[in-house]
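Participant: Can you read through this structure? Questions will come right after.
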2 protein chains.
Amino acid sequence: MNDLTQTPEMLIGAMAARAKEAGAILALASDADKARGLELAAQALRDHAGDIVRANAKDMENAAANGLSPALLDRLRLDTGRIEATAAGVEQVAHLPNPLGEIIDETQRPNGMILQRVRVPLGVIGIIYESRPNVTADAAALCLRAGNAAILRGGSEAIESNRAIHAAMAEGISAAGLPVNAIQLVPTTDRAAVGAMLRASGLIDLIVPRGGKSLVARVQEEARVPVLAHLDGMNTTYVHASADPEMARALVLNAKMRRTGICGATETVLFDSGFGAGKDIVAALLDAKCAVRGDAVVQAMDGRVTPASEEDWDTEYLDAIVSAAVVSGLDDALSHIAAHSSHHTDAIIAEDPATAERFLNAVDSAIVMWNASTQFADGGEFGLGAEIGISTGRLHARGPVALEGLTTYKWIVRGTGQTRP
Amino acid sequence: MNDLTQTPEMLIGAMAARAKEAGAILALASDADKARGLELAAQALRDHAGDIVRANAKDMENAAANGLSPALLDRLRLDTGRIEATAAGVEQVAHLPNPLGEIIDETQRPNGMILQRVRVPLGVIGIIYESRPNVTADAAALCLRAGNAAILRGGSEAIESNRAIHAAMAEGISAAGLPVNAIQLVPTTDRAAVGAMLRASGLIDLIVPRGGKSLVARVQEEARVPVLAHLDGMNTTYVHASADPEMARALVLNAKMRRTGICGATETVLFDSGFGAGKDIVAALLDAKCAVRGDAVVQAMDGRVTPASEEDWDTEYLDAIVSAAVVSGLDDALSHIAAHSSHHTDAIIAEDPATAERFLNAVDSAIVMWNASTQFADGGEFGLGAEIGISTGRLHARGPVALEGLTTYKWIVRGTGQTRP
């Protein structure tokens, strides 16, 4: 076990070395072993549900004593139902297709050499997350299934819960003969350990922050290790003049109101000046208890609309609030989106295919949609299975990131003695 | 033009803003336009060869006055032959297949939504390079063909040559109706401009350093922008007991001696203790004027072998020097490589397929080879056309990076009014 008197750098260095070793063993394990390890881990989560709930009760007690907000307390809370859901999630990852060994492409050179690009594990992945203890299981499962070793650093308020969940996961993968160090939990709540992870260039191959803006911002500022970061979902739905009014009404309400707290929620609605039914949709939003902050034209549509300030166009509300404006045509909509979008998910509602295709081509976001709700921006909804996050960066993986995003590739060259002239 | 009295941050900020605008225009340009722009740029390089040689003469004069080494002076020197080769390289990039618009995958969801991942430009790419002025044309051509805007920062000793080459490239792409700001050259030699590029997070999407260890090290230390970095080529060729002696001799000599200064050159040779002809290969290397630094067993093979020190096993000589050791079987070779490889290119020479496949699977390097010379580690030799570099990192692109590595993808979702339940 780790000697907690050592420095955070020593601690993370030692954990990363063990992770690299475990990864090398994992690389030689079969996919069936990894899947089996996750099935046994899911079973262990169920078997130890009582221990996990008891550990969680300690965290809840401390958190309440420390005056954590009701919202955070709810995120922290575990009951048998949530533990069952977590176990089921781990099983789902066990049943996803094997992401490793895929031959991305293969070519034969004129000299006879055969080149393949083959998908392999990414390496050692550091996960830095906040109060939801289920991430300990979700993230570990995804990393392991892709052949990676995970170093998990959860929120200090969830340390007891995370330890109990980690112990169950470790029991499961060990029972499958996999190296227990493939899933390690940082044992200290010392925040300096996070800094050490972020500086562990060459020891940790990728850092995935799972949490709020302040965490992601700190990670991006301090990290020397590559980061798979998820920034705001400042998402826009543009209702074109050719949109079907009924479809537009249904899509806008779903995109904004189905769940207001997820990153795929629409935060700004743009109505084309040529679209007639904006008034009805604004009224429907207001009737659904959604505050509407509009430009002058939208304010004129309904007395309940309040004026939008400049920052409203850049605000991810994650709440029953929407900013709305009227634009004069596609180009106007594209400029608004280019100026304010966080490049996460933007949608157009239109019956005219040419306009829609121009939108899909011109909007530079991770996800662009035509006649669909931005709330579909999710790895599960995209058929990827569980996701480690949604990347708003442009390198390596963009949009929902699941198993494939946790892999890399190597070039395999098979020759028959070729020398370079 | 840039006001050189402004701060480096202002200069780079303004250049990045112009690059982003140019990129948006480029995104709507056809592939034929981009190819045509590069053909015209190649022609402009030829038309202005005289101006470029004259500009280069100024750089050569200053460089000689500043006491640049003969090697660096040779890298800096341009003549009509080198300019013709550069123009031909730009034409070659113009004739590569279009990397954009490729549908990476497509799925239909049970609810009818159709999802595609489509290849799109990466964005604004900063190239930071040293004395070779031809990089101004090579890198700009690759970035433009992939739909990206390039910000080029060459070595101060090559500033006149780079300006002349950039002017010709700009003339060519303008003549094709492409935005001239798609290829910008940092006009100042102030080193602070490099720092500003490295900190231009959110303005520059990727930094590609092209140069020696010190440049790459500075870039990796200071960069807040993602970096496509190329570290050492500490490459090993392992001669297994089952290797064909003649093939082994030819491959080892080619891998080490064809060109000793390239990153694909072999720096360490491991002979299996079961391989009989190690002595002949060591003698052949020595006869070819290659210094051999060996372990005790290799020293005993030939009196001309000198003892290898510990650091020899980690040294990229880029010279007619090789370190050599005898290992007892595949596992011993794998441990040596795991301990000393820079994960660039490692090769096995063997007739036994099972052993070779185990090597290809177990060695965690960007390129692994069986019965081929490590000197093939090159984008052109891999059939990718020109390369922007060879990545020893694990994210986004690994090994030789050409047009595909300068792209990203977006998710395009086409629905018929689907709302998320």
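We label chains A, B, ... in the order they appear in the structure tokens, count residues from 1 in each chain, and number ligands from 1 in the order shown.
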Given a cut-off of 6 Å, which residues of chain B touch chain A, counting only C-alpha atoms, written out as a ChimeraX atom specification?
Facilitator: /B:247,251,366-373,395-396,410-419
Participant: Atoms to include: C-alpha atoms. Write the selected residues as a CSV table (one decimal), in the first residue's frame.
Facilitator:
```csv
chain,number,residue,atom,x,y,z
B,247,MET,CA,19.1,-11.1,-44.6
B,251,LEU,CA,19.0,-5.4,-42.9
B,366,ALA,CA,4.7,3.8,-33.1
B,367,ILE,CA,6.2,1.5,-35.7
B,368,VAL,CA,7.1,-2.2,-35.3
B,369,MET,CA,8.7,-4.1,-38.1
B,370,TRP,CA,9.4,-7.7,-39.1
B,371,ASN,CA,12.2,-8.4,-41.6
B,372,ALA,CA,12.4,-4.8,-42.8
B,373,SER,CA,14.9,-1.9,-42.3
B,395,LEU,CA,-2.8,10.7,-29.0
B,396,HIS,CA,-4.5,11.8,-32.3
B,410,LYS,CA,-17.4,16.1,-36.8
B,411,TRP,CA,-20.5,14.1,-36.1
B,412,ILE,CA,-23.4,14.8,-38.5
B,413,VAL,CA,-26.8,13.7,-37.3
B,414,ARG,CA,-29.7,13.7,-39.8
B,415,GLY,CA,-33.1,13.2,-38.3
B,416,THR,CA,-36.8,13.5,-39.2
B,417,GLY,CA,-38.0,15.2,-36.0
B,418,GLN,CA,-36.7,12.8,-33.4
B,419,THR,CA,-37.1,13.9,-29.8
```
Participant: Extract, using only C-alpha atoms, all DNA, RNA and protein residues at most 12 Å from B:Asp302, discarding same-chain residues fewer than 5 positions from it, and format them as an mmCIF file with N, CA, C and O atoms, in the first residue's frame.
Facilitator:
```cif
data_model
loop_
_atom_site.group_PDB
_atom_site.id
_atom_site.type_symbol
_atom_site.label_atom_id
_atom_site.label_comp_id
_atom_site.auth_asym_id
_atom_site.auth_seq_id
_atom_site.Cartn_x
_atom_site.Cartn_y
_atom_site.Cartn_z
ATOM 1 N N GLY B 278 26.350 -13.305 -35.530
ATOM 2 C CA GLY B 278 26.522 -11.954 -34.992
ATOM 3 C C GLY B 278 27.910 -11.400 -35.251
ATOM 4 O O GLY B 278 28.094 -10.236 -35.614
ATOM 5 N N LYS B 279 28.919 -12.295 -35.090
ATOM 6 C CA LYS B 279 30.311 -11.893 -35.290
ATOM 7 C C LYS B 279 30.522 -11.291 -36.684
ATOM 8 O O LYS B 279 31.118 -10.226 -36.834
ATOM 9 N N ASP B 280 29.952 -11.951 -37.721
ATOM 10 C CA ASP B 280 30.141 -11.468 -39.110
ATOM 11 C C ASP B 280 29.476 -10.103 -39.282
ATOM 12 O O ASP B 280 30.004 -9.223 -39.963
ATOM 13 N N ILE B 281 28.297 -9.925 -38.688
ATOM 14 C CA ILE B 281 27.575 -8.658 -38.858
ATOM 15 C C ILE B 281 28.320 -7.536 -38.143
ATOM 16 O O ILE B 281 28.474 -6.433 -38.672
ATOM 17 N N VAL B 282 28.849 -7.829 -36.961
ATOM 18 C CA VAL B 282 29.641 -6.826 -36.244
ATOM 19 C C VAL B 282 30.858 -6.451 -37.086
ATOM 20 O O VAL B 282 31.181 -5.265 -37.272
ATOM 21 N N ALA B 283 31.508 -7.429 -37.661
ATOM 22 C CA ALA B 283 32.679 -7.153 -38.509
ATOM 23 C C ALA B 283 32.270 -6.313 -39.720
ATOM 24 O O ALA B 283 32.952 -5.354 -40.090
ATOM 25 N N ALA B 284 31.117 -6.653 -40.304
ATOM 26 C CA ALA B 284 30.651 -5.904 -41.481
ATOM 27 C C ALA B 284 30.367 -4.451 -41.113
ATOM 28 O O ALA B 284 30.692 -3.533 -41.873
ATOM 29 N N LEU B 285 29.792 -4.234 -39.944
ATOM 30 C CA LEU B 285 29.526 -2.854 -39.497
ATOM 31 C C LEU B 285 30.847 -2.112 -39.322
ATOM 32 O O LEU B 285 31.016 -0.981 -39.797
ATOM 33 N N LEU B 286 31.808 -2.765 -38.686
ATOM 34 C CA LEU B 286 33.106 -2.124 -38.455
ATOM 35 C C LEU B 286 33.805 -1.836 -39.782
ATOM 36 O O LEU B 286 34.338 -0.745 -39.998
ATOM 37 N N ASP B 287 33.736 -2.813 -40.693
ATOM 38 C CA ASP B 287 34.347 -2.613 -42.014
ATOM 39 C C ASP B 287 33.693 -1.443 -42.742
ATOM 40 O O ASP B 287 34.337 -0.756 -43.535
ATOM 41 N N ALA B 291 31.382 2.663 -35.856
ATOM 42 C CA ALA B 291 31.917 2.324 -34.534
ATOM 43 C C ALA B 291 30.906 1.453 -33.814
ATOM 44 O O ALA B 291 29.706 1.721 -33.864
ATOM 45 N N VAL B 292 31.375 0.391 -33.197
ATOM 46 C CA VAL B 292 30.494 -0.519 -32.475
ATOM 47 C C VAL B 292 30.843 -0.474 -30.987
ATOM 48 O O VAL B 292 32.009 -0.681 -30.621
ATOM 49 N N ARG B 293 29.843 -0.121 -30.162
ATOM 50 C CA ARG B 293 30.026 -0.122 -28.713
ATOM 51 C C ARG B 293 29.227 -1.282 -28.152
ATOM 52 O O ARG B 293 28.011 -1.296 -28.255
ATOM 53 N N GLY B 294 29.913 -2.261 -27.608
ATOM 54 C CA GLY B 294 29.254 -3.500 -27.272
ATOM 55 C C GLY B 294 29.330 -3.894 -25.820
ATOM 56 O O GLY B 294 30.139 -3.350 -25.050
ATOM 57 N N ASP B 295 28.479 -4.849 -25.459
ATOM 58 C CA ASP B 295 28.606 -5.460 -24.132
ATOM 59 C C ASP B 295 29.774 -6.452 -24.189
ATOM 60 O O ASP B 295 30.437 -6.598 -25.230
ATOM 61 N N ALA B 296 30.007 -7.149 -23.096
ATOM 62 C CA ALA B 296 31.189 -8.021 -23.035
ATOM 63 C C ALA B 296 31.199 -9.038 -24.166
ATOM 64 O O ALA B 296 32.230 -9.256 -24.823
ATOM 65 N N VAL B 297 30.043 -9.651 -24.430
ATOM 66 C CA VAL B 297 29.992 -10.704 -25.448
ATOM 67 C C VAL B 297 30.308 -10.128 -26.825
ATOM 68 O O VAL B 297 31.063 -10.726 -27.610
ATOM 69 N N PRO B 307 33.872 -0.803 -25.407
ATOM 70 C CA PRO B 307 32.838 -1.091 -24.409
ATOM 71 C C PRO B 307 31.705 -0.056 -24.453
ATOM 72 O O PRO B 307 31.945 1.143 -24.615
#
```
Participant: Using only C-alpha atoms, determine which residues lie at most 10 Å from A:Leu73, disregarding the query and same-chain residues fewer than 2 positions distant; provide the list as JSON, numbers by chain.
Facilitator: {"A": [59, 60, 61, 63, 64, 67, 68, 69, 70, 71, 75, 76, 77, 78, 131, 132, 157]}
Participant: How about saving the chosen residues, all heavy atoms kept, as a short mmCIF file (atom, residue, chain, number, x, y, z; two decimals), in the first residue's frame?
Facilitator:
```
data_model
loop_
_atom_site.label_atom_id
_atom_site.label_comp_id
_atom_site.auth_asym_id
_atom_site.auth_seq_id
_atom_site.Cartn_x
_atom_site.Cartn_y
_atom_site.Cartn_z
N ASP A 59 -19.55 9.32 4.18
CA ASP A 59 -19.32 10.50 3.34
C ASP A 59 -20.48 11.48 3.47
O ASP A 59 -20.27 12.69 3.59
CB ASP A 59 -19.18 10.08 1.87
CG ASP A 59 -17.85 9.39 1.57
OD1 ASP A 59 -16.85 9.70 2.26
OD2 ASP A 59 -17.82 8.53 0.67
N MET A 60 -21.70 10.96 3.45
CA MET A 60 -22.89 11.83 3.53
C MET A 60 -22.89 12.61 4.84
O MET A 60 -23.17 13.81 4.87
CB MET A 60 -24.16 10.99 3.39
CG MET A 60 -24.38 10.36 2.03
SD MET A 60 -24.72 11.58 0.74
CE MET A 60 -26.38 12.09 1.20
N GLU A 61 -22.52 11.91 5.92
CA GLU A 61 -22.49 12.55 7.24
C GLU A 61 -21.49 13.71 7.24
O GLU A 61 -21.83 14.84 7.58
CB GLU A 61 -22.06 11.49 8.27
CG GLU A 61 -22.65 11.62 9.64
CD GLU A 61 -22.28 10.39 10.48
OE1 GLU A 61 -22.80 9.29 10.18
OE2 GLU A 61 -21.41 10.55 11.36
N ALA A 63 -20.25 15.23 4.68
CA ALA A 63 -20.64 16.25 3.71
C ALA A 63 -21.71 17.17 4.31
O ALA A 63 -21.65 18.39 4.18
CB ALA A 63 -21.15 15.60 2.43
N ALA A 64 -22.69 16.55 4.99
CA ALA A 64 -23.74 17.35 5.62
C ALA A 64 -23.13 18.27 6.67
O ALA A 64 -23.42 19.47 6.73
CB ALA A 64 -24.80 16.44 6.24
N GLY A 67 -21.69 21.18 5.33
CA GLY A 67 -22.64 22.09 4.70
C GLY A 67 -22.70 22.00 3.19
O GLY A 67 -22.88 23.00 2.49
N LEU A 68 -22.50 20.78 2.63
CA LEU A 68 -22.62 20.60 1.19
C LEU A 68 -24.06 20.91 0.75
O LEU A 68 -25.01 20.66 1.49
CB LEU A 68 -22.27 19.15 0.81
CG LEU A 68 -21.24 18.99 -0.32
CD1 LEU A 68 -19.89 19.55 0.13
CD2 LEU A 68 -21.07 17.51 -0.69
N SER A 69 -24.20 21.47 -0.44
CA SER A 69 -25.54 21.85 -0.92
C SER A 69 -26.37 20.59 -1.16
O SER A 69 -25.82 19.51 -1.41
CB SER A 69 -25.40 22.60 -2.25
OG SER A 69 -25.05 21.69 -3.27
N PRO A 70 -27.71 20.71 -1.06
CA PRO A 70 -28.58 19.57 -1.34
C PRO A 70 -28.28 18.92 -2.69
O PRO A 70 -28.24 17.69 -2.81
CB PRO A 70 -29.98 20.19 -1.31
CG PRO A 70 -29.86 21.39 -0.43
CD PRO A 70 -28.47 21.91 -0.66
N ALA A 71 -28.00 19.73 -3.70
CA ALA A 71 -27.70 19.18 -5.03
C ALA A 71 -26.47 18.28 -4.97
O ALA A 71 -26.46 17.16 -5.47
CB ALA A 71 -27.49 20.31 -6.03
N ARG A 75 -25.92 14.15 -5.45
CA ARG A 75 -24.95 13.52 -6.35
C ARG A 75 -24.11 12.50 -5.60
O ARG A 75 -23.72 11.47 -6.15
CB ARG A 75 -24.00 14.59 -6.92
CG ARG A 75 -24.57 15.34 -8.08
CD ARG A 75 -23.46 16.08 -8.81
NE ARG A 75 -24.01 17.26 -9.46
CZ ARG A 75 -23.29 18.29 -9.88
NH1 ARG A 75 -21.98 18.29 -9.68
NH2 ARG A 75 -23.85 19.30 -10.47
N LEU A 76 -23.83 12.81 -4.35
CA LEU A 76 -22.95 11.96 -3.54
C LEU A 76 -23.66 10.69 -3.07
O LEU A 76 -23.06 9.63 -2.91
CB LEU A 76 -22.44 12.77 -2.35
CG LEU A 76 -21.53 12.10 -1.32
CD1 LEU A 76 -20.26 11.58 -1.99
CD2 LEU A 76 -21.16 13.11 -0.22
N ARG A 77 -24.98 10.80 -2.89
CA ARG A 77 -25.73 9.73 -2.24
C ARG A 77 -25.74 8.44 -3.07
O ARG A 77 -25.91 8.46 -4.28
CB ARG A 77 -27.16 10.17 -1.97
CG ARG A 77 -27.83 9.41 -0.80
CD ARG A 77 -29.29 9.79 -0.62
NE ARG A 77 -30.14 9.08 -1.58
CZ ARG A 77 -30.59 9.62 -2.73
NH1 ARG A 77 -30.29 10.87 -3.04
NH2 ARG A 77 -31.35 8.92 -3.55
N LEU A 78 -25.54 7.31 -2.40
CA LEU A 78 -25.67 6.00 -3.03
C LEU A 78 -26.71 5.19 -2.27
O LEU A 78 -26.74 5.21 -1.04
CB LEU A 78 -24.33 5.25 -3.00
CG LEU A 78 -23.22 5.76 -3.90
CD1 LEU A 78 -21.94 4.97 -3.66
CD2 LEU A 78 -23.63 5.67 -5.36
N SER A 131 -17.97 14.77 -7.22
CA SER A 131 -18.69 14.05 -6.16
C SER A 131 -19.34 12.73 -6.54
O SER A 131 -19.52 11.88 -5.69
CB SER A 131 -19.74 14.99 -5.55
OG SER A 131 -20.38 15.71 -6.54
N ARG A 132 -19.71 12.50 -7.80
CA ARG A 132 -20.42 11.24 -8.11
C ARG A 132 -19.52 10.03 -7.96
O ARG A 132 -18.64 9.79 -8.80
CB ARG A 132 -20.95 11.28 -9.54
CG ARG A 132 -22.04 12.28 -9.80
CD ARG A 132 -22.59 12.11 -11.21
NE ARG A 132 -23.32 13.29 -11.65
CZ ARG A 132 -24.59 13.53 -11.35
NH1 ARG A 132 -25.25 12.67 -10.59
NH2 ARG A 132 -25.20 14.62 -11.79
N GLU A 157 -14.82 14.48 -0.84
CA GLU A 157 -16.07 14.26 -0.09
C GLU A 157 -16.61 12.86 -0.33
O GLU A 157 -17.45 12.38 0.42
CB GLU A 157 -17.11 15.31 -0.49
CG GLU A 157 -17.66 15.19 -1.91
CD GLU A 157 -16.72 15.75 -2.97
OE1 GLU A 157 -15.57 16.05 -2.66
OE2 GLU A 157 -17.17 15.83 -4.14
#
```
Participant: Write out as an NGL selection string which residues come within 9 Å of stretch 35-42 of chain A when counting only C-alpha atoms, dropping same-chain ones fewer than 3 positions away.
Facilitator: :A and (30-32 or 45-47 or 84 or 86-96 or 98 or 137 or 141 or 144-145 or 168-178)
Participant: Using only C-alpha atoms, pick whichever of A:Phe271, A:Tyr238, A:Tyr129, A:Trp313 has the shortest atom-to-atom distance to A:Val219.
Facilitator: A:Tyr129
Participant: Can you list every residue in stretch 167-397 of chain A that DSSP puts in alpha helix (DSSP H), as a ChimeraX atom specification?
Facilitator: /A:167-175,192-198,213-222,245-257,278-287,296-301,330-340,353-362
Participant: State, in Å with one decimal place, the distance from atom CA of B:Cys263 to atom CA of B:Asp232.
Facilitator: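 Going from atom CA of B:Cys263 over to atom CA of B:Asp232, I get 6.9 Å.
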Participant: Tell me which protein, DNA and RNA residues are within 7 Å of A:Pro99, counting only C-alpha atoms, leaving out same-chain ones fewer than 2 positions away, and put them as a list in words.
Facilitator: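 The residues that qualify are Pro97, Gly101, Glu102, Ala146, Leu403 and Glu404 of chain A.
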Participant: Can I get the selection written as a PDB file, in the first residue's frame, with all heavy atoms?
Facilitator:
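Here's the written file selection_27.pdb:
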```pdb
ATOM      1  N   PRO A  97     -18.467  -4.302 -28.013  1.00  0.00           N
ATOM      2  CA  PRO A  97     -17.486  -4.947 -28.890  1.00  0.00           C
ATOM      3  C   PRO A  97     -16.056  -4.580 -28.483  1.00  0.00           C
ATOM      4  O   PRO A  97     -15.808  -3.471 -28.011  1.00  0.00           O
ATOM      5  CB  PRO A  97     -17.820  -4.415 -30.282  1.00  0.00           C
ATOM      6  CG  PRO A  97     -19.000  -3.552 -30.155  1.00  0.00           C
ATOM      7  CD  PRO A  97     -19.394  -3.437 -28.729  1.00  0.00           C
ATOM      8  N   GLY A 101      -7.266  -4.368 -31.538  1.00  0.00           N
ATOM      9  CA  GLY A 101      -6.901  -5.303 -32.599  1.00  0.00           C
ATOM     10  C   GLY A 101      -7.518  -4.974 -33.947  1.00  0.00           C
ATOM     11  O   GLY A 101      -7.144  -5.578 -34.959  1.00  0.00           O
ATOM     12  N   GLU A 102      -8.423  -3.992 -33.973  1.00  0.00           N
ATOM     13  CA  GLU A 102      -9.039  -3.619 -35.250  1.00  0.00           C
ATOM     14  C   GLU A 102      -7.955  -3.155 -36.221  1.00  0.00           C
ATOM     15  O   GLU A 102      -7.069  -2.388 -35.852  1.00  0.00           O
ATOM     16  CB  GLU A 102     -10.046  -2.475 -35.030  1.00  0.00           C
ATOM     17  CG  GLU A 102     -10.697  -1.974 -36.305  1.00  0.00           C
ATOM     18  CD  GLU A 102     -11.250  -0.549 -36.175  1.00  0.00           C
ATOM     19  OE1 GLU A 102     -11.313  -0.019 -35.056  1.00  0.00           O
ATOM     20  OE2 GLU A 102     -11.590   0.024 -37.212  1.00  0.00           O
ATOM     21  N   ALA A 146     -10.684  -1.125 -22.726  1.00  0.00           N
ATOM     22  CA  ALA A 146      -9.837  -0.682 -23.834  1.00  0.00           C
ATOM     23  C   ALA A 146      -8.367  -1.022 -23.578  1.00  0.00           C
ATOM     24  O   ALA A 146      -7.493  -0.536 -24.298  1.00  0.00           O
ATOM     25  CB  ALA A 146     -10.019   0.816 -24.068  1.00  0.00           C
ATOM     26  N   LEU A 403     -15.133   3.775 -26.006  1.00  0.00           N
ATOM     27  CA  LEU A 403     -13.952   2.888 -26.025  1.00  0.00           C
ATOM     28  C   LEU A 403     -12.940   3.299 -27.089  1.00  0.00           C
ATOM     29  O   LEU A 403     -11.744   3.369 -26.815  1.00  0.00           O
ATOM     30  CB  LEU A 403     -14.406   1.441 -26.241  1.00  0.00           C
ATOM     31  CG  LEU A 403     -15.104   0.788 -25.048  1.00  0.00           C
ATOM     32  CD1 LEU A 403     -15.484  -0.645 -25.386  1.00  0.00           C
ATOM     33  CD2 LEU A 403     -14.205   0.815 -23.819  1.00  0.00           C
ATOM     34  N   GLU A 404     -13.401   3.587 -28.314  1.00  0.00           N
ATOM     35  CA  GLU A 404     -12.439   3.895 -29.382  1.00  0.00           C
ATOM     36  C   GLU A 404     -11.557   5.073 -28.993  1.00  0.00           C
ATOM     37  O   GLU A 404     -10.360   5.094 -29.294  1.00  0.00           O
ATOM     38  CB  GLU A 404     -13.149   4.173 -30.698  1.00  0.00           C
ATOM     39  CG  GLU A 404     -12.175   4.418 -31.842  1.00  0.00           C
ATOM     40  CD  GLU A 404     -12.864   4.965 -33.096  1.00  0.00           C
ATOM     41  OE1 GLU A 404     -13.706   4.256 -33.669  1.00  0.00           O
ATOM     42  OE2 GLU A 404     -12.556   6.126 -33.476  1.00  0.00           O
TER      43      GLU A 404
END
```
Participant: For A:Glu267, which of A:Ile204, A:Ala65, A:Ala229, A:Ile337 is the closest residue, counting only C-alpha atoms?
Facilitator: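 Ranked by minimum distance to A:Glu267, first place goes to A:Ile337.
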Participant: With only C-alpha atoms as the atoms that count, which of B:Glu21, B:Asp138, B:Glu160, B:Asp190 lies nearest to B:Glu9?
Facilitator: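 For B:Glu9, the nearest of the given residues is B:Asp190.
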Participant: Using the chain letters and numbers from this document, which residues of stretch 19-252 of chain A does DSSP assign to strand (DSSP E or B), as a ChimeraX atom specification?
Facilitator: /A:103-108,114-121,124-129,149-153,183-185,201,204,206-210,227,235-239
Participant: Please list as JSON, numbers by chain every residue within 10 Å of B:Gly233, counting only C-alpha atoms and excluding residues in the same chain fewer than 5 positions away.
Facilitator: {"B": [262, 263, 264, 265, 266, 267, 315, 316, 317, 318, 341, 342, 343, 344, 345, 346, 374, 377, 390, 392]}
Participant: Take atom CA of B:Lys289 and atom CA of B:Leu270 and report the distance between them in Å, one decimal.
Facilitator: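 These atoms are spaced 19.1 Å apart.
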Participant: Do you have the atom CA of A:Ile183-atom CA of A:Gly81 distance handy?
Facilitator: 23.9 Å
